[in-house]
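**Student:** Structure file run09.cif (mmCIF, C-alpha atoms and all ligand atoms) is given on the next line.
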```
data_my_file
loop_
_atom_site.label_atom_id
_atom_site.label_comp_id
_atom_site.auth_asym_id
_atom_site.auth_seq_id
_atom_site.Cartn_x
_atom_site.Cartn_y
_atom_site.Cartn_z
CA ILE U 1 174.67 -60.48 -52.75
CA SER U 2 175.36 -58.86 -49.38
CA LEU U 3 177.95 -59.78 -46.71
CA ALA U 4 176.40 -57.21 -44.35
CA SER U 5 175.62 -58.14 -40.75
CA GLN U 6 174.71 -56.51 -37.46
CA ILE U 7 175.53 -56.77 -33.75
CA GLY U 8 173.23 -54.80 -31.47
CA ASP U 9 172.84 -51.34 -33.04
CA TYR U 10 176.09 -51.72 -34.97
CA LYS U 11 175.93 -52.37 -38.71
CA PHE U 12 178.86 -53.98 -40.52
CA ASP U 13 178.81 -53.76 -44.33
CA ASN U 14 181.11 -56.83 -44.29
CA LEU U 15 181.07 -59.54 -41.60
CA LEU U 16 184.89 -60.00 -41.73
CA LEU U 17 187.11 -58.55 -39.00
CA ASN U 18 190.66 -59.16 -37.79
CA ALA U 19 191.03 -61.04 -34.50
CA ALA U 20 192.60 -59.18 -31.56
CA GLY U 21 196.30 -59.85 -31.24
CA ILE U 22 197.60 -60.18 -34.79
CA ARG U 23 198.82 -57.14 -36.80
CA CYS U 24 196.68 -54.74 -34.75
CA ALA U 25 198.96 -53.31 -32.05
CA THR U 26 199.79 -49.98 -33.79
CA THR U 27 197.65 -47.22 -35.36
CA GLU U 28 199.43 -47.90 -38.68
CA GLU U 29 198.34 -51.56 -38.60
CA LEU U 30 194.80 -50.60 -37.52
CA ASP U 31 194.51 -47.96 -40.29
CA LYS U 32 195.52 -50.62 -42.85
CA ILE U 33 192.70 -52.88 -41.67
CA LEU U 34 190.19 -50.00 -41.85
CA ASP U 35 191.42 -49.25 -45.39
CA SER U 36 190.79 -52.90 -46.42
CA ASP U 37 187.58 -54.79 -47.25
CA ALA U 38 187.12 -55.68 -43.57
CA GLY U 39 183.92 -54.36 -42.00
CA GLY U 40 185.93 -52.87 -39.16
CA CYS U 41 188.91 -53.58 -36.91
CA VAL U 42 189.67 -54.93 -33.44
CA THR U 43 192.51 -53.43 -31.37
CA LYS U 44 195.20 -55.55 -29.69
CA SER U 45 193.87 -56.36 -26.19
CA ALA U 46 194.90 -53.44 -23.98
CA THR U 47 196.17 -53.36 -20.41
CA PRO U 48 195.95 -50.16 -18.31
CA GLU U 49 199.63 -49.33 -18.98
CA PRO U 50 201.86 -50.16 -22.00
CA ARG U 51 203.53 -53.58 -21.82
CA LYS U 52 206.58 -55.06 -23.55
CA GLY U 53 205.21 -58.61 -23.28
CA ASN U 54 207.16 -61.85 -23.17
CA GLU U 55 210.64 -62.56 -24.56
CA SER U 56 211.01 -63.78 -28.13
CA PRO U 57 210.61 -66.19 -29.78
CA ARG U 58 207.03 -65.82 -28.51
CA MET U 59 205.09 -66.83 -31.64
CA LYS U 60 205.84 -69.57 -34.17
CA ALA U 61 204.00 -70.29 -37.41
CA THR U 62 203.66 -73.95 -38.45
CA SER U 63 202.11 -75.79 -41.43
CA MET U 64 198.86 -76.08 -39.42
CA GLY U 65 198.62 -72.64 -37.82
CA CYS U 66 200.56 -71.04 -35.01
CA ILE U 67 201.48 -71.17 -31.34
CA ASN U 68 201.96 -68.04 -29.20
CA SER U 69 202.71 -66.81 -25.73
CA MET U 70 202.96 -63.08 -26.47
CA GLY U 71 202.26 -61.94 -22.93
CA LEU U 72 199.98 -59.04 -23.94
CA PRO U 73 202.49 -56.66 -25.58
CA ASN U 74 200.48 -53.48 -26.19
CA HIS U 75 200.65 -49.69 -26.08
CA GLY U 76 198.23 -49.34 -23.16
CA LEU U 77 194.53 -48.47 -23.00
CA ASP U 78 194.90 -44.69 -23.58
CA TYR U 79 196.59 -45.30 -26.96
CA TYR U 80 193.80 -47.54 -28.26
CA LEU U 81 190.99 -45.53 -26.66
CA LYS U 82 192.27 -42.43 -28.48
CA PHE U 83 192.37 -44.35 -31.80
CA ALA U 84 188.90 -45.83 -31.19
CA GLU U 85 187.33 -42.45 -30.31
CA ALA U 86 188.80 -40.93 -33.48
CA ASN U 87 187.94 -43.77 -35.88
CA GLN U 88 184.76 -45.48 -34.64
CA GLY U 89 182.00 -45.13 -37.25
CA LYS U 90 184.21 -43.38 -39.84
CA ASN U 91 183.36 -44.51 -43.42
CA GLY U 92 180.81 -46.89 -41.89
CA LYS U 93 183.54 -48.95 -40.21
CA GLN U 94 183.24 -50.20 -36.61
CA VAL U 95 186.21 -50.14 -34.23
CA ILE U 96 186.04 -52.79 -31.50
CA LEU U 97 188.15 -51.86 -28.47
CA SER U 98 189.63 -55.01 -26.89
CA ILE U 99 190.79 -55.03 -23.26
CA ALA U 100 192.52 -57.72 -21.17
CA GLY U 101 193.43 -56.72 -17.66
CA LEU U 102 195.94 -58.81 -15.73
CA SER U 103 193.41 -58.94 -12.90
CA ILE U 104 189.68 -58.51 -12.49
CA ASP U 105 190.33 -55.15 -10.86
CA GLN U 106 192.29 -53.96 -13.91
CA ASN U 107 189.36 -54.92 -16.14
CA ILE U 108 186.94 -52.90 -13.98
CA GLU U 109 189.37 -49.95 -13.95
CA MET U 110 189.56 -49.99 -17.76
CA LEU U 111 185.79 -50.34 -18.21
CA LYS U 112 185.29 -47.29 -15.94
CA LYS U 113 187.66 -45.28 -18.14
CA ILE U 114 185.86 -46.40 -21.33
CA GLN U 115 182.45 -45.62 -19.79
CA ALA U 116 183.67 -42.09 -18.99
CA SER U 117 185.13 -41.60 -22.49
CA SER U 118 183.47 -40.40 -25.69
CA PHE U 119 184.01 -43.83 -27.33
CA ALA U 120 180.63 -44.95 -28.71
CA GLY U 121 181.57 -48.31 -30.20
CA LEU U 122 181.77 -51.93 -29.05
CA THR U 123 184.11 -53.00 -26.23
CA GLU U 124 185.42 -56.59 -26.20
CA LEU U 125 186.44 -57.85 -22.75
CA ASN U 126 188.96 -60.69 -23.04
CA LEU U 127 188.08 -63.21 -20.32
CA SER U 128 191.21 -65.28 -20.87
CA CYS U 129 192.68 -62.90 -18.33
CA PRO U 130 194.41 -64.41 -15.31
CA ASN U 131 192.38 -64.99 -12.15
CA ILE U 132 193.65 -64.95 -8.55
CA ALA U 133 196.80 -67.01 -8.19
CA GLY U 134 196.28 -70.75 -8.33
CA LYS U 135 192.86 -70.50 -9.98
CA SER U 136 192.22 -71.13 -13.68
CA GLN U 137 191.77 -68.21 -16.08
CA VAL U 138 188.56 -66.25 -15.48
CA GLY U 139 186.87 -67.76 -18.57
CA TYR U 140 187.10 -71.21 -16.95
CA ASP U 141 185.89 -70.05 -13.51
CA PHE U 142 182.15 -69.46 -13.97
CA GLU U 143 181.62 -67.86 -10.56
CA ALA U 144 184.46 -65.42 -11.34
CA VAL U 145 182.74 -64.62 -14.66
CA ARG U 146 179.51 -63.94 -12.77
CA ASP U 147 181.37 -61.65 -10.34
CA VAL U 148 183.10 -59.70 -13.15
CA LEU U 149 179.84 -59.22 -15.08
CA THR U 150 177.92 -58.22 -11.94
CA SER U 151 180.54 -55.54 -11.19
CA ALA U 152 180.86 -54.43 -14.83
CA PHE U 153 177.15 -54.03 -15.53
CA SER U 154 176.66 -52.08 -12.28
CA PHE U 155 178.23 -49.07 -14.05
CA PHE U 156 179.09 -49.97 -17.69
CA LYS U 157 176.19 -48.87 -19.93
CA LYS U 158 177.90 -49.12 -23.32
CA PRO U 159 177.65 -52.30 -25.45
CA LEU U 160 179.94 -55.06 -24.14
CA GLY U 161 181.18 -58.20 -25.88
CA LEU U 162 183.11 -61.03 -24.23
CA LYS U 163 186.07 -62.92 -25.81
CA LEU U 164 185.87 -66.44 -24.40
CA PRO U 165 188.32 -69.34 -24.24
CA PRO U 166 187.28 -72.61 -25.95
CA TYR U 167 185.07 -75.04 -23.99
CA PHE U 168 185.30 -78.79 -24.51
CA ASP U 169 182.51 -80.38 -22.48
CA PHE U 170 178.70 -80.07 -22.59
CA ASN U 171 178.67 -79.22 -18.87
CA GLN U 172 180.99 -76.30 -19.67
CA PHE U 173 178.76 -75.13 -22.56
CA ASP U 174 175.79 -75.27 -20.14
CA GLY U 175 177.73 -73.62 -17.33
CA ILE U 176 178.99 -70.60 -19.23
CA ALA U 177 175.64 -70.11 -21.02
CA GLU U 178 173.82 -70.15 -17.67
CA VAL U 179 175.97 -67.25 -16.46
CA LEU U 180 175.89 -65.26 -19.72
CA ASN U 181 172.09 -65.47 -20.04
CA ASP U 182 171.77 -63.54 -16.76
CA PHE U 183 173.49 -60.41 -18.18
CA PRO U 184 172.87 -57.84 -20.95
CA VAL U 185 175.89 -59.01 -22.94
CA THR U 186 175.81 -57.63 -26.52
CA TYR U 187 177.85 -60.50 -28.00
CA ILE U 188 180.28 -63.27 -27.25
CA ASN U 189 183.35 -63.98 -29.35
CA VAL U 190 184.29 -67.66 -29.51
CA ILE U 191 187.01 -68.85 -29.51
CA ASN U 192 190.28 -67.53 -28.19
CA SER U 193 193.34 -69.74 -28.91
CA ILE U 194 193.31 -73.27 -27.50
CA GLY U 195 195.47 -72.78 -24.44
CA ASN U 196 198.73 -74.40 -23.48
CA GLY U 197 199.44 -76.47 -26.57
CA LEU U 198 203.01 -77.60 -27.24
CA VAL U 199 204.83 -77.59 -30.59
CA VAL U 200 208.07 -79.62 -30.74
CA ASP U 201 210.82 -79.41 -33.37
CA PRO U 202 212.23 -82.94 -33.77
CA GLU U 203 215.30 -81.65 -35.65
CA THR U 204 216.48 -79.46 -32.79
CA GLU U 205 214.70 -81.65 -30.21
CA SER U 206 213.41 -78.42 -28.72
CA VAL U 207 210.24 -76.42 -28.12
CA VAL U 208 209.75 -73.52 -30.56
CA ILE U 209 208.80 -70.57 -28.30
CA LYS U 210 210.71 -69.28 -25.26
CA PRO U 211 208.02 -68.33 -22.69
CA LYS U 212 206.37 -70.94 -20.43
CA GLY U 213 208.79 -73.71 -21.44
CA GLY U 214 207.26 -73.73 -24.92
CA PHE U 215 203.59 -73.99 -23.94
CA GLY U 216 201.31 -71.57 -25.83
CA GLY U 217 197.94 -70.84 -27.37
CA LEU U 218 197.11 -72.57 -30.65
CA GLY U 219 195.45 -70.93 -33.64
CA GLY U 220 194.77 -71.84 -37.26
CA ASP U 221 193.85 -75.28 -38.68
CA TYR U 222 194.44 -76.82 -35.24
CA VAL U 223 191.36 -75.09 -33.83
CA LYS U 224 188.59 -74.89 -36.47
CA PRO U 225 186.47 -77.88 -35.28
CA THR U 226 186.63 -76.58 -31.70
CA ALA U 227 185.73 -73.06 -32.84
CA LEU U 228 182.73 -74.32 -34.85
CA ALA U 229 181.58 -76.42 -31.91
CA ASN U 230 181.70 -73.44 -29.54
CA VAL U 231 179.80 -71.19 -31.99
CA ARG U 232 177.13 -73.89 -32.47
CA ALA U 233 176.81 -74.93 -28.82
CA LEU U 234 176.53 -71.38 -27.52
CA ARG U 235 174.12 -70.37 -30.27
CA GLN U 236 171.88 -73.25 -29.14
CA ARG U 237 172.09 -72.14 -25.47
CA LEU U 238 172.19 -68.33 -25.41
CA ARG U 239 169.26 -65.90 -25.53
CA PRO U 240 168.80 -64.73 -29.17
CA GLU U 241 169.59 -61.12 -28.15
CA ILE U 242 173.20 -62.17 -27.52
CA SER U 243 175.05 -62.17 -30.86
CA ILE U 244 178.04 -64.38 -31.67
CA ILE U 245 181.34 -63.58 -33.35
CA GLY U 246 182.99 -66.74 -34.68
CA THR U 247 186.77 -66.86 -34.46
CA GLY U 248 189.11 -69.76 -35.14
CA GLY U 249 190.53 -71.57 -38.14
CA ILE U 250 189.22 -69.20 -40.82
CA LYS U 251 191.37 -68.96 -43.97
CA SER U 252 188.77 -69.20 -46.77
CA GLY U 253 185.23 -68.26 -47.75
CA LYS U 254 184.24 -71.87 -47.04
CA ASP U 255 185.44 -71.54 -43.43
CA VAL U 256 183.37 -68.35 -43.01
CA PHE U 257 180.34 -70.13 -44.53
CA GLU U 258 180.73 -72.92 -41.95
CA HIS U 259 180.95 -70.43 -39.05
CA VAL U 260 177.78 -68.65 -40.23
CA LEU U 261 175.98 -72.01 -40.67
CA CYS U 262 176.81 -72.67 -37.00
CA GLY U 263 175.31 -69.31 -36.02
CA ALA U 264 178.01 -66.63 -36.30
CA ASN U 265 176.85 -63.03 -36.89
CA LEU U 266 180.38 -61.79 -37.62
CA VAL U 267 183.72 -63.59 -37.90
CA GLN U 268 187.28 -62.66 -36.93
CA ILE U 269 190.44 -63.86 -38.67
CA GLY U 270 193.68 -64.18 -36.70
CA THR U 271 196.34 -66.69 -37.78
CA ALA U 272 195.57 -66.53 -41.52
CA PHE U 273 195.49 -62.69 -41.40
CA GLY U 274 198.94 -62.94 -39.80
CA PHE U 275 200.17 -64.95 -42.80
CA ASP U 276 198.43 -63.04 -45.63
CA GLY U 277 197.90 -59.47 -44.42
CA THR U 278 194.94 -57.27 -45.40
CA PRO U 279 194.44 -58.75 -48.93
CA ILE U 280 192.85 -61.70 -47.16
CA PHE U 281 189.68 -59.68 -46.55
CA GLU U 282 189.10 -59.13 -50.29
CA ARG U 283 189.98 -62.74 -51.17
CA ILE U 284 187.69 -64.26 -48.55
CA SER U 285 184.86 -61.84 -49.40
CA LYS U 286 185.06 -63.00 -53.03
CA GLU U 287 185.20 -66.68 -52.07
CA LEU U 288 182.18 -66.37 -49.75
CA THR U 289 180.21 -64.42 -52.36
CA ALA U 290 180.93 -67.17 -54.93
CA ILE U 291 179.68 -69.86 -52.52
CA MET U 292 176.50 -67.88 -51.79
CA GLU U 293 175.94 -67.33 -55.54
CA LYS U 294 176.28 -71.05 -56.26
CA LYS U 295 173.81 -71.91 -53.49
CA GLY U 296 171.34 -69.13 -54.37
CA TYR U 297 171.75 -67.18 -51.10
CA LYS U 298 171.54 -63.36 -51.24
CA THR U 299 172.08 -62.58 -47.57
CA LEU U 300 173.74 -64.23 -44.56
CA ASP U 301 170.40 -64.39 -42.72
CA GLU U 302 169.17 -67.02 -45.18
CA PHE U 303 171.58 -69.65 -43.86
CA ARG U 304 172.83 -68.37 -40.48
CA GLY U 305 172.42 -71.05 -37.82
CA LYS U 306 170.79 -73.44 -40.33
CA LEU U 307 173.33 -76.25 -39.85
CA LYS U 308 171.55 -79.54 -40.38
CA THR U 309 171.94 -82.62 -38.18
CA ILE U 310 171.57 -86.16 -39.38
CA GLU U 311 168.12 -87.51 -38.46
C1 LIG D 1 196.69 -64.95 -22.56
C2 LIG D 1 196.71 -63.52 -22.05
C3 LIG D 1 198.15 -62.99 -22.06
C4 LIG D 1 196.20 -63.52 -20.63
C5 LIG D 1 195.77 -62.66 -22.89
C6 LIG D 1 196.29 -62.21 -24.25
C7 LIG D 1 196.35 -63.30 -25.28
C8 LIG D 1 197.54 -63.68 -25.87
C9 LIG D 1 198.85 -63.07 -25.52
O1 LIG D 1 198.99 -61.83 -25.59
O2 LIG D 1 199.74 -63.89 -25.18
N1 LIG D 1 197.58 -64.66 -26.82
C10 LIG D 1 196.42 -65.32 -27.22
O3 LIG D 1 196.44 -66.23 -28.08
N2 LIG D 1 195.24 -64.95 -26.65
C11 LIG D 1 195.16 -63.98 -25.69
O4 LIG D 1 194.03 -63.70 -25.21
#
```
Please lay out the structure from this file as structure tokens.
**Tutor:**
Amino acid sequence: ISLASQIGDYKFDNLLLNAAGIRCATTEELDKILDSDAGGCVTKSATPEPRKGNESPRMKATSMGCINSMGLPNHGLDYYLKFAEANQGKNGKQVILSIAGLSIDQNIEMLKKIQASSFAGLTELNLSCPNIAGKSQVGYDFEAVRDVLTSAFSFFKKPLGLKLPPYFDFNQFDGIAEVLNDFPVTYINVINSIGNGLVVDPETESVVIKPKGGFGGLGGDYVKPTALANVRALRQRLRPEISIIGTGGIKSGKDVFEHVLCGANLVQIGTAFGFDGTPIFERISKELTAIMEKKGYKTLDEFRGKLKTIE
């Protein structure tokens, strides 16, 4: 039984990856992921310069997942680019370099630096980045997405993936797919956290994180149905050359099986990886292998995208 998968020219001997943002901000954390059963690692989304991020408490775990407003704390692009150049492709592991500029210009600036570098792996552009003041995040402004991709692909010739926010309406699925199908995007990664949720502690009668009056992105059990819907809806709408990474609500082999049924080529684990650490990759690999064994599947291709509807 094989858990191998591929995105563009990049082979992964295991479809499991960490999700950007959790336990992946330092080279020590990234080395631990590469030393685990994961097929590769994803770096914390980088900004051009190092950032301290928001004040704590900025993340809170709950019985159903987590809420965060980290504010992009990271060591800056040069730090992760150096790590990625040194580790991409070592021991057959892929390093995905995640970037999240605080403006469209910062994203272009970082892509230019990556294009000029010796990094030969996958770059993941986080489109939950802020837009011009008063407009929604780029991922929810389809014309802004078109503008960013037009600029990016005018000079960026390396493989590019896009981390997208969750969509909730068929017109949004259609709208984002219409833009993406016009560009040589290597993959999309759906979903990022469900934005601006609110967790309340009835004991203290207070919110649980400090930034943004307690509003923050949700991950974990809260988001799995939305994540599966976005994987499925975009698989149904995007050109087959555009691969899909499924992210959201994964904490077992069963959850991975569901993401692959909806069409995922690879999956990323965030919240649950935050709870369990790198042993999760071995545990989930074993759970998924057991499910495939029971069902008589030898490879992921045999059931990828084969979700049935009720006729
Ligand atoms: C929300 C942004 C700060 C613009 C990007 C970084 C990010 C963060 C973060 O660093 O707060 N948290 C998430 O759940 N998803 C993200 O993409």
**Student:** Would you name the residues within 7 Å of ligand LIG 1 (chain D), counting only C-alpha atoms and all ligand atoms, and put them as a list in words?
**Tutor:** Gly21, Ser45, Asn68, Ser69, Met70, Gly71, Leu72, Pro73, Ala100, Leu102, Asn126, Ser128, Cys129, Pro130, Asn192, Ser193, Gly217 and Leu218 of chain U
**Student:** Pick out the closest residue to U:Leu34 from this set: U:Ser151, U:Ser136, U:Gln88, U:Thr47. Count all atoms listed in the file.
**Tutor:** U:Gln88
**Student:** Is there a way to get, as a ChimeraX atom specification, all residues within 10 Å of the point (182.7, -75.2, -15.7) in file coordinates, counting all atoms listed in the file?
**Tutor:** /U:139-143,167-176
**Student:** Could you tell me how far atom CA of U:Ala120 sits from atom CA of U:Thr186, in Å to one decimal place?
**Tutor:**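 Atom-to-atom, atom CA of U:Thr186 and atom CA of U:Ala120 are spaced 13.7 Å apart.
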**Student:** Counting all atoms listed in the file, which residues sit no farther than 10 Å from the position (194.3, -49.6, -37.9) in the file's frame? I'd like them as a ChimeraX atom specification.
**Tutor:** /U:23-36,40-43,80,83-84,87,95
**Student:** Which of these, U:Thr309, U:Thr299, U:Gln268, U:Ser98, has the shortest distance to U:Ala19 once you count all atoms listed in the file?
**Tutor:**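 Between U:Thr309, U:Thr299, U:Gln268, U:Ser98, the residue approaching U:Ala19 most closely is U:Gln268.
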**Student:** For each of U:Leu15, U:Leu111, U:Gly216, U:Pro211, take the minimum atom-to-atom distance to U:Pro57, counting all atoms listed in the file, then give the residue where this is smallest.
**Tutor:**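 Once distances to U:Pro57 are computed over all atoms listed in the file, the minimum belongs to U:Pro211.
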**Student:** Could you check how far atom CA of U:Leu238 sits from atom CA of U:Ala177, in Å to one decimal?
**Tutor:**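 One can read the atom CA of U:Leu238 to atom CA of U:Ala177 distance as 5.9 Å.
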**Student:** Of the candidates U:Leu180, U:Val267, U:Val145, U:Ala133, which shows the shortest atom-to-atom distance to U:Gly39, using only C-alpha atoms?
**Tutor:**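 Closest to U:Gly39, using only C-alpha atoms: U:Val267.
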**Student:** So how far away is atom CA of U:Val223 from atom CA of U:Pro159, in Å?
**Tutor:** 27.9 Å
**Student:** For a quick check of understanding, using only C-alpha atoms, which of U:Arg283, U:Lys254, U:Arg232, U:Arg237 has the smallest distance to U:Gly305?
**Tutor:**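 Checking each of U:Arg283, U:Lys254, U:Arg232, U:Arg237 against U:Gly305, counting only C-alpha atoms, the winner is U:Arg232.
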**Student:** Might you pull out every residue within 10 Å of U:Leu16, with only C-alpha atoms counted and same-chain residues fewer than 5 positions away left off, and present them as a list in words?
**Tutor:**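 Within the cut-off, the hits are Leu3, Ala4, Ser5, Asp37, Ala38, Gly39, Gly40, Cys41, Ile245, Gly246, Val256, Asn265, Leu266, Val267, Gln268, Ile269, Ile280, Phe281, Glu282, Ile284 and Ser285 of chain U.
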**Student:** Hey, which of U:Arg239, U:Lys93, U:Lys224, U:Lys52 ends up closest to U:Asp13? Count all atoms listed in the file.
**Tutor:**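 Closest candidate: U:Lys93.
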**Student:** Would you mind listing what lies within 7 Å of stretch 107-110 of chain U as a PyMOL selection string, with all atoms listed in the file counted and same-chain residues fewer than 4 positions away left out?
**Tutor:** chain U and resi 48+100-101+103+114+152
